[in-house]
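Participant: This is the structure I have questions about; it appears just below.
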Amino acid sequence: MGLFDLFSKKQQSSAPEQTAPVILVSGLPRSGTSMMMKILDAGGLEILTDNQRVADEDNPKGYYEFEIVKDLPGGGDATWLDGANGKVVKIISFLLQHLPATKNYKVIFMRRNVEEILASQRQMLIRRGEPADGDDAKMAETFQEHLKRIRVWLANQQNIQVLYVDYNALMKEPQTSIQAVYDFLQLPLDKDKMLAVPDANLYRNRKG
């Protein structure tokens, strides 16, 4: 398997709509989703965020979260999607299956070494003064199982196209990863500004 896996599924006649898809940045927590949001913001795309969660030591360049997204489970309010075509929204991977099937989506799914994800979460909890003594082995197993299930689910959604981007590879060689994002979205983005976003100084909790 390469650094990226692109699943492009031909729209069927029963597709929900033919307008510009909603662009989603997804993945596990601490997998590089905020950085990808910053990259797309720099490239010139319109970002949907409420700025309720401000930048801090864990995410110095901002979280780019949109709190209403968390209401999707259980039939929560999804009317905000009516004005989201062509715009970018950050959504945790656990919520993807709650998206309305009446929209077309392009998903940039961030992948990162699970050990690094867990180390990053632990440091964030420590800085917040919260318990950080969970079972990493069990959590890693849970994350890996979730990723397997969501990958299968995404591959079977006719209204969703997916680009998998490896965070570790992105930090090592930004140009290759960002070119893949550019080709996937097929939009007139500013690649130079996108390339200026990845910051090696913020690549903390590296494996090894």
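Order determines the names: the first chain of the structure tokens is A, the second B, and so forth; residues in each chain are numbered 1 upward, and ligands are numbered 1 upward as they are shown.
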Taking 2 positions as the minimum chain separation for residues in the same chain, which residues sit within 8 Å of Ile108 of chain A when counting only C-alpha atoms? Answer as an MDAnalysis selection string.
Facilitator: chainID A and resid 23:26 106 110 162:165 181
Participant: Name the residues of segment 56-201 of chain A that come out as alpha helix (DSSP H) in a backbone DSSP run; write them as a PyMOL selection string.
Facilitator: chain A and resi 114-127+136-155+167-172+174-185+191-195
Participant: Please identify all polymer residues within 10 Å of segment 191-194 of chain A, counting only C-alpha atoms, omitting same-chain residues fewer than 4 positions from it, and present them as an NGL selection string.
Facilitator: :A and (36 or 38-44 or 174-175 or 178-179 or 181-182 or 198)
Participant: Provide the atom CA of Ile91 of chain A to atom CA of Ala196 of chain A distance in Å, to one decimal place.
Facilitator: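 Value for the atom CA of Ile91 of chain A-atom CA of Ala196 of chain A distance: 23.6 Å.
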Participant: May I ask which of the residues A:Val107, A:Val197, A:Leu28, A:Ala119 is the closest one to Val89 of chain A, counting only C-alpha atoms?
Facilitator: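 Of the candidates, the smallest distance to Val89 of chain A is held by A:Val107.
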Participant: Work out how far apart atom CA of Arg112 of chain A and atom CA of Glu46 of chain A are and give it in Å to one decimal.
Facilitator: 25.2 Å
Participant: With only C-alpha atoms as the counted atoms, please give the residues lying no more than 8 Å from Ala20 of chain A, apart from itself and same-chain residues fewer than 6 positions off, as a PyMOL selection string.
Facilitator: chain A and resi 85-86+104
Participant: Which one is closest to Lys148 of chain A: A:Ser31, A:Arg111, A:Tyr64, A:Asp50? Count only C-alpha atoms.
Facilitator: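 For Lys148 of chain A, the nearest of the candidates is A:Arg111.
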Participant: Quick one: residues within 12 Å of Glu141 of chain A, only C-alpha atoms, excluding same-chain residues fewer than 5 positions away - as a list in words?
Facilitator: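 The neighbour list is Val114, Glu115, Leu118, Asp135, Asp136, His146, Leu147 and Lys148 of chain A.
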Participant: Extract the full set of strand (DSSP E or B) residues from segment 25-161 of chain A according to DSSP on the backbone, and format it as a list in words.
Facilitator: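 Strand (DSSP E or B) assignments inside segment 25-161 of chain A correspond to Val25, Ser26, Gly27, Ile47, Val88, Val89, Lys90, Tyr105, Lys106, Val107, Ile108, Phe109, Met110, Arg111, Ile160 and Gln161 of chain A.
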Participant: Just the number, please: distance in Å from atom CA of Val22 of chain A to atom CA of Glu116 of chain A, one decimal.
Facilitator: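 Calculated distance between atom CA of Val22 of chain A and atom CA of Glu116 of chain A is 29.1 Å.
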